[in-house]
file structure11.tsv (TSV, C-alpha atoms)
chain	number	residue	atom	x	y	z
Q	904	MET	CA	120.79	25.94	102.71
Q	905	ASN	CA	117.47	26.48	104.46
Q	906	ALA	CA	118.52	27.99	107.72
Q	907	LEU	CA	115.13	29.31	108.68
Q	908	ARG	CA	114.33	26.48	111.06
Q	909	SER	CA	117.83	25.82	112.30
Q	910	ARG	CA	118.75	27.14	115.70
Q	911	PHE	CA	122.00	29.07	115.65
Q	912	ARG	CA	124.51	30.02	118.26
Q	913	ARG	CA	127.44	32.36	117.98
Q	914	ASN	CA	130.65	30.37	117.74
Q	915	PRO	CA	131.68	30.11	121.41
Q	916	ASP	CA	135.32	30.51	120.40
Q	917	ALA	CA	134.64	33.77	118.58
Q	918	ALA	CA	135.04	37.12	120.27
Q	919	PHE	CA	133.10	40.21	119.31
Q	920	ARG	CA	132.51	43.81	120.21
Q	921	VAL	CA	130.05	46.36	118.93
Q	922	ILE	CA	131.96	49.45	117.89
Q	923	ASP	CA	130.05	52.48	116.60
Q	924	GLY	CA	127.01	50.30	116.01
Q	925	GLN	CA	128.93	47.67	114.03
Q	926	ALA	CA	129.80	44.21	115.33
Q	927	VAL	CA	133.48	43.36	114.93
Q	928	ILE	CA	134.00	39.62	115.24
Q	929	VAL	CA	137.23	37.64	115.55
Q	930	VAL	CA	137.05	33.97	114.61
Q	931	PRO	CA	140.07	32.04	115.90
Q	932	ALA	CA	139.36	28.96	113.78
Q	933	THR	CA	139.83	30.93	110.59
Q	934	GLN	CA	142.13	33.58	112.06
Q	935	SER	CA	139.86	36.20	110.58
Q	936	MET	CA	138.09	39.35	111.65
Q	937	HIS	CA	134.74	40.45	110.24
Q	938	THR	CA	132.70	43.61	110.52
Q	939	LEU	CA	128.91	43.57	110.19
Q	940	ASN	CA	126.83	46.48	108.99
Q	941	GLU	CA	123.88	47.90	110.90
Q	942	VAL	CA	121.44	45.18	109.81
Q	943	GLY	CA	123.97	42.41	110.32
Q	944	THR	CA	124.77	43.71	113.79
Q	945	PHE	CA	121.04	43.87	114.61
Q	946	ILE	CA	120.74	40.20	113.68
Q	947	TRP	CA	123.99	39.19	115.36
Q	948	GLN	CA	122.78	40.64	118.65
Q	949	ARG	CA	119.53	38.64	118.41
Q	950	CYS	CA	120.62	35.33	116.94
Q	951	GLU	CA	121.87	33.47	120.00
Q	952	GLY	CA	119.89	30.24	120.33
Q	953	ARG	CA	117.17	31.39	117.97
Q	954	THR	CA	115.89	30.46	114.54
Q	955	ALA	CA	115.63	32.73	111.55
Q	956	ASP	CA	111.86	32.30	111.72
Q	957	GLU	CA	111.90	33.93	115.13
Q	958	ILE	CA	114.05	36.84	114.02
Q	959	VAL	CA	112.30	37.77	110.76
Q	960	PRO	CA	109.43	39.67	112.45
Q	961	GLU	CA	111.94	41.75	114.41
Q	962	ILE	CA	113.74	42.65	111.20
Q	963	THR	CA	110.59	43.70	109.39
Q	964	ALA	CA	109.57	45.77	112.42
Q	965	GLU	CA	112.89	47.57	112.56
Q	966	PHE	CA	113.82	47.98	108.89
Q	967	ASP	CA	111.95	48.90	105.75
Q	968	VAL	CA	111.84	45.42	104.22
Q	969	ASP	CA	109.02	42.99	103.37
Q	970	GLU	CA	108.85	39.56	104.95
Q	971	PRO	CA	109.77	37.42	101.90
Q	972	THR	CA	112.82	39.55	101.24
Q	973	ALA	CA	113.83	39.47	104.90
Q	974	ARG	CA	113.50	35.68	104.98
Q	975	ALA	CA	115.56	35.19	101.86
Q	976	ASP	CA	118.24	37.61	102.98
Q	977	LEU	CA	118.41	36.12	106.45
Q	978	ASP	CA	118.72	32.62	105.06
Q	979	ALA	CA	121.66	33.72	102.93
Q	980	PHE	CA	123.17	35.71	105.79
Q	981	PHE	CA	123.05	32.81	108.25
Q	982	ALA	CA	124.49	30.49	105.64
Q	983	GLU	CA	127.37	32.90	105.07
Q	984	LEU	CA	128.04	33.34	108.78
Q	985	ALA	CA	127.97	29.58	109.29
Q	986	ALA	CA	130.37	29.06	106.38
Q	987	LYS	CA	132.74	31.57	107.98
Q	988	LYS	CA	132.42	29.78	111.33
Q	989	MET	CA	130.93	32.82	113.01
Q	990	LEU	CA	127.76	30.86	113.78
Q	991	VAL	CA	127.29	27.21	114.66
Q	992	LEU	CA	124.16	25.12	114.68
Q	993	GLY	CA	122.98	24.89	118.25
D	531	MET	CA	187.84	39.16	115.18
D	532	GLY	CA	186.39	41.02	118.13
D	533	ARG	CA	184.14	39.44	120.68
D	534	HIS	CA	180.56	40.56	120.51
D	535	VAL	CA	178.68	40.38	123.76
D	536	ILE	CA	175.08	39.32	123.49
D	537	PRO	CA	173.09	41.01	126.25
D	538	ASP	CA	170.94	38.76	128.41
D	539	ARG	CA	168.61	41.46	129.69
D	540	LEU	CA	166.51	43.58	127.34
D	541	ARG	CA	163.61	45.97	127.61
D	542	ILE	CA	161.37	46.14	124.55
D	543	GLY	CA	158.00	47.82	124.44
D	544	GLY	CA	158.17	48.38	128.16
D	545	LEU	CA	158.53	44.66	128.85
D	546	ALA	CA	161.52	42.97	130.46
D	547	ILE	CA	163.09	40.10	128.55
D	548	SER	CA	165.69	37.64	129.73
D	549	LEU	CA	167.90	35.60	127.42
D	550	PRO	CA	170.20	32.76	128.42
D	551	PRO	CA	173.56	34.13	129.62
D	552	ALA	CA	176.58	33.94	127.31
D	553	LEU	CA	174.42	33.01	124.36
D	554	ALA	CA	176.46	31.51	121.52
D	555	VAL	CA	175.15	32.27	118.04
D	556	THR	CA	176.68	31.96	114.59
D	557	ASP	CA	176.21	35.67	113.82
D	558	ALA	CA	177.04	37.35	117.12
D	559	ALA	CA	177.99	40.71	115.61
D	560	ASN	CA	174.73	40.89	113.72
D	561	LEU	CA	172.62	39.94	116.72
D	562	ALA	CA	174.48	42.31	119.03
D	563	ALA	CA	173.92	45.18	116.58
D	564	HIS	CA	170.18	44.59	116.51
D	565	ILE	CA	169.30	43.77	120.10
D	566	GLY	CA	172.19	45.62	121.75
D	567	PRO	CA	170.34	48.98	121.75
D	568	PHE	CA	167.62	47.35	123.86
D	569	ALA	CA	170.03	46.03	126.53
D	570	VAL	CA	169.50	47.09	130.12
D	571	ALA	CA	171.63	46.42	133.16
D	572	ASP	CA	168.79	45.25	135.33
D	573	SER	CA	165.35	44.86	133.83
D	574	GLY	CA	163.75	43.50	137.00
D	575	PRO	CA	161.67	40.32	136.96
D	576	PRO	CA	161.34	39.24	133.32
D	577	ASP	CA	158.00	39.35	131.52
D	578	VAL	CA	159.38	37.21	128.70
D	579	VAL	CA	161.80	34.42	129.55
D	580	VAL	CA	163.64	33.01	126.54
D	581	LEU	CA	165.24	29.60	126.94
D	582	SER	CA	167.34	27.53	124.59
D	583	ASP	CA	166.04	24.18	123.43
D	584	LEU	CA	169.60	22.96	123.87
D	585	ASP	CA	169.28	23.13	127.63
D	586	PRO	CA	167.25	20.09	128.64
D	587	SER	CA	167.59	21.02	132.28
D	588	ALA	CA	165.73	24.29	131.76
D	589	ASP	CA	162.58	24.26	133.78
D	590	PHE	CA	159.67	24.94	131.47
D	591	PRO	CA	156.15	25.80	132.65
D	592	ALA	CA	153.32	23.36	132.14
D	593	GLY	CA	150.56	24.02	129.64
D	594	SER	CA	152.83	24.88	126.77
D	595	PHE	CA	151.81	25.17	123.15
D	596	ARG	CA	153.96	24.91	120.06
D	597	ILE	CA	154.44	27.33	117.18
D	598	GLU	CA	156.50	26.48	114.14
D	599	VAL	CA	158.55	29.22	112.62
D	600	ASN	CA	159.74	29.26	109.04
D	601	ARG	CA	163.40	30.13	109.27
D	602	VAL	CA	163.54	31.16	105.62
D	603	LEU	CA	160.86	33.77	106.03
D	604	GLY	CA	161.57	34.36	109.70
D	605	GLY	CA	157.95	34.04	110.61
D	606	PRO	CA	155.33	31.42	111.40
D	607	ASP	CA	155.23	28.75	108.75
D	608	GLY	CA	152.60	29.70	106.26
D	609	ASP	CA	153.15	27.44	103.32
D	610	GLY	CA	153.02	24.14	105.17
D	611	ASP	CA	155.79	22.56	103.17
D	612	GLY	CA	157.86	21.97	106.26
D	613	ARG	CA	160.91	23.66	104.80
D	614	SER	CA	163.32	25.04	107.37
D	615	VAL	CA	160.67	24.98	110.03
D	616	LYS	CA	161.75	25.10	113.66
D	617	PRO	CA	159.52	24.54	116.67
D	618	TYR	CA	159.17	26.96	119.55
D	619	ASP	CA	157.32	26.12	122.75
D	620	LEU	CA	155.48	28.85	124.62
D	621	ALA	CA	153.77	28.83	128.00
D	622	PHE	CA	152.13	31.51	130.11
D	623	ALA	CA	153.37	31.48	133.68
D	624	ASN	CA	153.50	33.87	136.62
D	625	GLY	CA	151.87	36.64	134.62
D	626	GLY	CA	154.52	36.44	131.91
D	627	ILE	CA	155.47	34.06	129.14
D	628	ALA	CA	158.27	31.57	128.59
D	629	VAL	CA	159.58	30.73	125.13
D	630	ARG	CA	161.88	27.84	124.33
D	631	GLY	CA	163.41	27.35	120.92
D	632	PRO	CA	166.54	27.17	118.75
D	633	LEU	CA	168.75	30.13	119.62
D	634	ASP	CA	171.64	29.42	117.29
D	635	ASP	CA	171.47	32.61	115.26
D	636	ALA	CA	169.88	36.06	115.17
D	637	ILE	CA	166.72	34.84	113.44
D	638	GLY	CA	166.30	32.16	116.08
D	639	VAL	CA	166.79	34.53	119.00
D	640	VAL	CA	164.72	37.41	117.64
D	641	SER	CA	161.94	35.04	116.56
D	642	ALA	CA	161.75	33.77	120.13
D	643	ILE	CA	161.55	37.33	121.44
D	644	HIS	CA	158.86	38.22	118.89
D	645	LEU	CA	156.79	35.15	119.74
D	646	GLY	CA	156.91	35.97	123.42
D	647	LEU	CA	156.05	39.62	122.94
D	648	ALA	CA	153.30	38.97	120.39
D	649	HIS	CA	151.53	36.57	122.71
D	650	LEU	CA	152.04	38.43	125.96
D	651	LEU	CA	151.35	41.97	124.76
D	652	PRO	CA	147.59	41.62	124.14
D	653	ARG	CA	147.18	40.27	127.68
D	654	ARG	CA	148.93	43.38	128.95
D	655	GLY	CA	146.92	45.78	126.80
D	656	GLY	CA	149.36	46.25	123.91
D	657	LEU	CA	150.00	44.87	120.45
D	658	MET	CA	152.92	44.02	118.23
D	659	LEU	CA	152.28	45.27	114.73
D	660	HIS	CA	153.81	44.46	111.37
D	661	ALA	CA	154.53	48.11	110.71
D	662	SER	CA	156.94	50.91	110.03
D	663	ALA	CA	157.26	53.78	112.46
D	664	VAL	CA	158.34	57.40	112.26
D	665	ARG	CA	159.01	60.06	114.85
D	666	ALA	CA	158.26	63.66	113.88
D	667	ALA	CA	157.70	66.77	115.97
D	668	GLY	CA	158.08	64.69	119.12
D	669	VAL	CA	155.30	62.25	118.34
D	670	GLY	CA	155.07	58.92	116.58
D	671	PHE	CA	153.22	57.66	113.54
D	672	VAL	CA	152.85	53.96	112.90
D	673	PHE	CA	152.23	52.55	109.41
D	674	PRO	CA	150.87	49.00	109.66
D	675	GLY	CA	150.76	46.82	106.60
D	676	ALA	CA	152.03	43.73	104.91
D	677	SER	CA	155.12	43.73	102.73
D	678	GLY	CA	154.42	45.70	99.58
D	679	SER	CA	151.63	47.73	101.15
D	680	GLY	CA	153.64	50.93	100.96
D	681	LYS	CA	154.39	51.29	104.65
D	682	THR	CA	158.12	51.62	104.11
D	683	THR	CA	157.65	54.05	101.22
D	684	ALA	CA	155.40	56.16	103.39
D	685	ALA	CA	157.72	56.09	106.38
D	686	GLU	CA	160.78	56.90	104.28
D	687	GLY	CA	158.89	59.68	102.52
D	688	PHE	CA	157.78	61.30	105.74
D	689	HIS	CA	159.28	64.78	105.43
D	690	GLY	CA	161.14	65.76	108.59
D	691	GLY	CA	160.55	62.39	110.20
D	692	GLU	CA	163.01	59.96	111.74
D	693	MET	CA	162.39	56.33	110.93
D	694	LEU	CA	162.25	54.31	114.13
D	695	ALA	CA	161.50	50.89	112.69
D	696	ASP	CA	160.68	49.30	109.40
D	697	GLU	CA	159.09	45.97	110.27
D	698	ARG	CA	157.94	45.47	113.86
D	699	CYS	CA	156.49	48.00	116.29
D	700	ILE	CA	154.70	47.86	119.61
D	701	VAL	CA	151.82	50.08	120.60
D	702	ARG	CA	150.52	50.18	124.16
D	703	PRO	CA	148.76	52.47	126.59
D	704	GLU	CA	150.96	54.75	128.63
D	705	GLY	CA	150.94	54.93	132.37
D	706	ALA	CA	150.55	53.02	135.54
D	707	GLY	CA	147.94	50.72	134.07
D	708	TRP	CA	150.45	49.14	131.75
D	709	GLY	CA	151.11	45.56	132.61
D	710	GLY	CA	148.13	44.64	134.67
D	711	ALA	CA	145.23	47.04	134.69
D	712	SER	CA	141.76	46.45	133.34
D	713	THR	CA	141.36	46.79	129.62
D	714	SER	CA	138.28	48.92	130.21
D	715	THR	CA	140.45	52.02	130.51
D	716	MET	CA	142.45	51.36	127.37
D	717	GLY	CA	140.38	53.69	125.23
D	718	GLN	CA	141.45	56.64	127.31
D	719	GLY	CA	144.71	58.46	127.67
D	720	ARG	CA	147.86	58.42	125.66
D	721	TRP	CA	149.39	55.49	123.83
D	722	LEU	CA	153.05	54.92	123.24
D	723	LEU	CA	154.84	53.67	120.17
D	724	HIS	CA	157.98	51.53	120.48
D	725	ALA	CA	160.23	50.06	117.86
D	726	ALA	CA	161.03	46.36	118.13
D	727	PRO	CA	164.29	44.83	116.88
D	728	MET	CA	164.67	42.60	113.84
D	729	TRP	CA	167.39	40.09	113.01
D	730	GLY	CA	169.39	41.90	110.35
D	731	GLY	CA	169.51	40.87	106.73
D	732	LYS	CA	167.50	43.45	104.83
D	733	TYR	CA	166.31	44.95	108.11
D	734	GLY	CA	168.44	47.69	109.60
D	735	PRO	CA	168.87	48.39	113.28
D	736	VAL	CA	165.98	50.27	114.82
D	737	VAL	CA	165.76	53.19	117.25
D	738	PRO	CA	164.68	51.93	120.67
D	739	ALA	CA	162.61	55.00	121.49
D	740	ALA	CA	159.21	55.26	123.12
D	741	VAL	CA	157.20	58.17	121.72
D	742	PRO	CA	153.60	59.28	122.16
D	743	LEU	CA	151.54	57.71	119.39
D	744	ALA	CA	149.87	60.48	117.37
D	745	ALA	CA	148.16	58.36	114.73
D	746	VAL	CA	147.89	54.98	113.13
D	747	VAL	CA	148.31	55.54	109.40
D	748	LEU	CA	146.88	53.23	106.78
D	749	VAL	CA	148.63	53.69	103.47
D	750	ARG	CA	146.98	53.86	100.08
D	751	LYS	CA	149.60	54.00	97.38
D	752	ASP	CA	149.32	55.56	93.95
D	753	ALA	CA	146.20	57.57	94.67
D	754	PRO	CA	145.58	61.32	94.73
D	755	LEU	CA	146.95	63.00	97.84
D	756	GLY	CA	144.43	62.81	100.64
D	757	VAL	CA	143.98	62.24	104.35
D	758	GLU	CA	140.84	60.69	105.73
D	759	VAL	CA	139.84	59.52	109.21
D	760	VAL	CA	138.83	55.83	109.22
D	761	PRO	CA	135.74	55.00	111.32
D	762	ALA	CA	136.42	52.83	114.35
D	763	ALA	CA	134.89	49.53	113.23
D	764	ALA	CA	136.50	49.73	109.79
D	765	ALA	CA	139.77	50.71	111.43
D	766	MET	CA	139.73	47.59	113.60
D	767	THR	CA	139.09	45.32	110.65
D	768	ARG	CA	141.80	46.96	108.59
D	769	LEU	CA	144.30	46.91	111.44
D	770	ALA	CA	143.71	43.28	112.35
D	771	PRO	CA	145.87	41.75	109.59
D	772	GLY	CA	148.77	43.87	110.80
D	773	VAL	CA	148.65	42.42	114.31
D	774	VAL	CA	151.48	39.95	114.86
D	775	GLN	CA	149.65	37.02	116.43
D	776	ASN	CA	149.99	33.53	115.12
D	777	ARG	CA	147.90	31.41	117.44
D	778	TYR	CA	144.39	32.46	118.19
D	779	ASP	CA	142.14	30.84	120.71
D	780	ALA	CA	139.09	32.43	122.28
D	781	ALA	CA	141.13	34.16	124.99
D	782	ALA	CA	143.68	35.47	122.51
D	783	ALA	CA	140.95	36.68	120.16
D	784	GLU	CA	139.20	38.50	122.98
D	785	ALA	CA	142.45	40.07	124.15
D	786	VAL	CA	143.42	41.31	120.67
D	787	LEU	CA	139.91	42.63	120.07
D	788	ALA	CA	139.94	44.49	123.38
D	789	VAL	CA	143.28	46.12	122.62
D	790	LEU	CA	142.24	47.06	119.08
D	791	ALA	CA	139.04	48.60	120.43
D	792	GLY	CA	141.04	50.59	122.97
D	793	LEU	CA	143.54	51.67	120.35
D	794	VAL	CA	141.00	52.96	117.82
D	795	ALA	CA	139.09	54.73	120.60
D	796	ALA	CA	142.17	56.55	121.87
D	797	VAL	CA	144.27	57.14	118.75
D	798	PRO	CA	143.14	58.45	115.36
D	799	VAL	CA	143.33	55.95	112.52
D	800	ILE	CA	143.95	57.80	109.29
D	801	GLU	CA	144.15	56.67	105.71
D	802	VAL	CA	146.76	58.54	103.70
D	803	SER	CA	146.66	58.40	99.92
D	804	PHE	CA	149.68	59.51	98.00
D	805	ARG	CA	151.75	59.12	94.89
D	806	PRO	CA	155.55	59.01	94.79
D	807	GLY	CA	156.90	62.46	95.59
D	808	ASP	CA	153.75	63.73	97.28
D	809	ARG	CA	154.50	65.54	100.51
D	810	PHE	CA	151.78	64.01	102.62
D	811	SER	CA	153.49	64.45	105.97
D	812	ASP	CA	152.50	68.10	106.46
D	813	VAL	CA	148.84	67.25	105.90
D	814	LEU	CA	149.13	64.28	108.20
D	815	VAL	CA	150.78	66.19	111.05
D	816	ARG	CA	148.18	68.97	110.74
D	817	SER	CA	145.36	66.45	110.84
D	818	VAL	CA	146.35	65.07	114.23
D	819	ARG	CA	147.13	68.38	115.92
D	820	PRO	CA	144.71	69.07	118.77
call {"tool": "encode", "arguments": {"input": "structure11.tsv", "output": "structure tokens"}}
result
Amino acid sequence: MNALRSRFRRNPDAAFRVIDGQAVIVVPATQSMHTLNEVGTFIWQRCEGRTADEIVPEITAEFDVDEPTARADLDAFFAELAAKKMLVLG
Amino acid sequence: MGRHVIPDRLRIGGLAISLPPALAVTDAANLAAHIGPFAVADSGPPDVVVLSDLDPSADFPAGSFRIEVNRVLGGPDGDGDGRSVKPYDLAFANGGIAVRGPLDDAIGVVSAIHLGLAHLLPRRGGLMLHASAVRAAGVGFVFPGASGSGKTTAAEGFHGGEMLADERCIVRPEGAGWGGASTSTMGQGRWLLHAAPMWGGKYGPVVPAAVPLAAVVLVRKDAPLGVEVVPAAAAMTRLAPGVVQNRYDAAAAEAVLAVLAGLVAAVPVIEVSFRPGDRFSDVLVRSVRP
């Protein structure tokens, strides 16, 4: 899945809170709860209505990661969040 | 055969529950033994109104939703095979909840009570947990977990503790805020632990006490003795499967999340590792002492 140019939104039915720097997300559709690590939370807080292309520079500015790696990881991350119904295509 | 009176007014987890008067069930002695300790003479306006599906004249609030309960397992139908499934209708109304379903035996009645409590509690700032509970040194310890997780072993092995419940417990903030205040204050102050009744069978009667909640204890069986504080975010994720809630929508998800966040902010969540025979309770009690 190439999610880099897709525009994502958080699932409007999901609820989340950031606890101790980690996003905790409840997804009613799957009756599941997920916790994101520091990087995942950073992305989660910036993903609303944006594309991966727009977020990659913010990741490379904040974390010690090169752009190709950030792009690949973000693509996989968005695909995983979409599969778990935490994100929807907007 | 003696006549067993089924109470029609209960108080469980601080909430008032009304049942139809003169309820006729096939196992009256069993039901009376399990819900009888929660009977009150006058519980005030009910938070949970339980109605029989046999009474077509019963006024039922609009906006209801249906939950199917597996009568074999005594819980929401999980296997989808339709075996022994009974429908219950629920509706929020007047700040409380109404439940309508088959009340022909203890499982039917207690399932209705559980459904009402599980759905109303998060909106009031509390939670129903699949958990065992122990009282020791005047405070309570709750052990959430699925069947086979070791929660019963841990609760039974709690040296000097009195088992309050083995299957369902309620946790909620103490004080005037209970029942209507903003959830923004839930991370402060003391929380209370209540036992909730079951329907008999392999479940014994419970002790209807409310005790200050000292810790939420996550059990790790068959590991070297140890006690470790679980960070808040991890605690929420690990506690979530133990929350009794069988119909999530966005509002329900937000309510449960808010209560969990308040709980882990106010009450230590501790993982206890032990092997059979280990006396973990002393370490646990010491770990939560101020």
call {"tool": "interface_residues", "arguments": {"input": "structure11.tsv", "of": "chain Q", "to": "chain D", "cutoff": "10 Å", "atoms": "all atoms listed in the file", "output": "number ranges by chain"}}
result
Q: 914-940
call {"tool": "residues_around", "arguments": {"input": "structure11.tsv", "residues": "Glu801 of chain D", "least_positions_apart": "2", "cutoff": "9 Å", "atoms": "only C-alpha atoms", "output": "VMD selection string"}}
result
chain D and resid 746 to 750 756 to 760 799 803
call {"tool": "closest_residue", "arguments": {"input": "structure11.tsv", "among": "D:Glu692, D:Asp577, D:Asp812, D:Asp583", "to": "Ile627 of chain D", "atoms": "only C-alpha atoms"}}
result
D:Asp577
call {"tool": "atom_distance", "arguments": {"input": "structure11.tsv", "atom1": "atom CA of Met658 of chain D", "atom2": "atom CA of Ser817 of chain D"}}
result
24.8 Å
call {"tool": "residues_around", "arguments": {"input": "structure11.tsv", "residues": "segment 951-967 of chain Q", "least_positions_apart": "5", "cutoff": "9 Å", "atoms": "all atoms listed in the file", "output": "PyMOL selection string"}}
result
chain Q and resi 906-913+942+945-946+973-974+977-978+981+990+992-993
call {"tool": "atom_distance", "arguments": {"input": "structure11.tsv", "atom1": "atom CA of Gly668 of chain D", "atom2": "atom CA of Phe810 of chain D"}}
result
17.7 Å
call {"tool": "residues_around", "arguments": {"input": "structure11.tsv", "residues": "segment 554-568 of chain D", "least_positions_apart": "3", "cutoff": "8 Å", "atoms": "all atoms listed in the file", "output": "PDB file with C-alpha atoms, in the frame of the given file"}}
result
ATOM      1  CA  HIS D 534     180.560  40.560 120.510  1.00  0.00           C
ATOM      2  CA  VAL D 535     178.680  40.380 123.760  1.00  0.00           C
ATOM      3  CA  ILE D 536     175.080  39.320 123.490  1.00  0.00           C
ATOM      4  CA  PRO D 537     173.090  41.010 126.250  1.00  0.00           C
ATOM      5  CA  LEU D 540     166.510  43.580 127.340  1.00  0.00           C
ATOM      6  CA  ARG D 541     163.610  45.970 127.610  1.00  0.00           C
ATOM      7  CA  ILE D 542     161.370  46.140 124.550  1.00  0.00           C
ATOM      8  CA  LEU D 633     168.750  30.130 119.620  1.00  0.00           C
ATOM      9  CA  ASP D 634     171.640  29.420 117.290  1.00  0.00           C
ATOM     10  CA  ASP D 635     171.470  32.610 115.260  1.00  0.00           C
ATOM     11  CA  ALA D 636     169.880  36.060 115.170  1.00  0.00           C
ATOM     12  CA  PRO D 727     164.290  44.830 116.880  1.00  0.00           C
ATOM     13  CA  MET D 728     164.670  42.600 113.840  1.00  0.00           C
ATOM     14  CA  TRP D 729     167.390  40.090 113.010  1.00  0.00           C
ATOM     15  CA  GLY D 730     169.390  41.900 110.350  1.00  0.00           C
ATOM     16  CA  GLY D 734     168.440  47.690 109.600  1.00  0.00           C
ATOM     17  CA  PRO D 735     168.870  48.390 113.280  1.00  0.00           C
ATOM     18  CA  VAL D 736     165.980  50.270 114.820  1.00  0.00           C
ATOM     19  CA  VAL D 737     165.760  53.190 117.250  1.00  0.00           C
ATOM     20  CA  PRO D 738     164.680  51.930 120.670  1.00  0.00           C
TER      21      PRO D 738
END
call {"tool": "atom_distance", "arguments": {"input": "structure11.tsv", "atom1": "atom CA of Arg533 of chain D", "atom2": "atom CA of Ser582 of chain D"}}
result
21.0 Å
call {"tool": "residues_around", "arguments": {"input": "structure11.tsv", "residues": "Gly680 of chain D", "least_positions_apart": "6", "cutoff": "10 Å", "atoms": "all atoms listed in the file", "output": "list in words"}}
result
Ser662, Phe673, Pro674, Glu686, Leu748, Val749, Arg750, Lys751, Asp752 and Phe804 of chain D
call {"tool": "residues_around", "arguments": {"input": "structure11.tsv", "residues": "Gly807 of chain D", "least_positions_apart": "5", "cutoff": "12 Å", "atoms": "all atoms listed in the file", "output": "PDB file with C-alpha atoms, in the frame of the given file"}}
result
ATOM      1  CA  THR D 683     157.650  54.050 101.220  1.00  0.00           C
ATOM      2  CA  ALA D 684     155.400  56.160 103.390  1.00  0.00           C
ATOM      3  CA  GLU D 686     160.780  56.900 104.280  1.00  0.00           C
ATOM      4  CA  GLY D 687     158.890  59.680 102.520  1.00  0.00           C
ATOM      5  CA  PHE D 688     157.780  61.300 105.740  1.00  0.00           C
ATOM      6  CA  HIS D 689     159.280  64.780 105.430  1.00  0.00           C
ATOM      7  CA  LYS D 751     149.600  54.000  97.380  1.00  0.00           C
ATOM      8  CA  ASP D 752     149.320  55.560  93.950  1.00  0.00           C
ATOM      9  CA  ALA D 753     146.200  57.570  94.670  1.00  0.00           C
ATOM     10  CA  PRO D 754     145.580  61.320  94.730  1.00  0.00           C
ATOM     11  CA  LEU D 755     146.950  63.000  97.840  1.00  0.00           C
TER      12      LEU D 755
END
call {"tool": "residues_near_point", "arguments": {"input": "structure11.tsv", "point": "(155.6, 61.0, 115.9)", "cutoff": "7 Å", "atoms": "all atoms listed in the file", "output": "number ranges by chain"}}
result
D: 664-671, 741-744
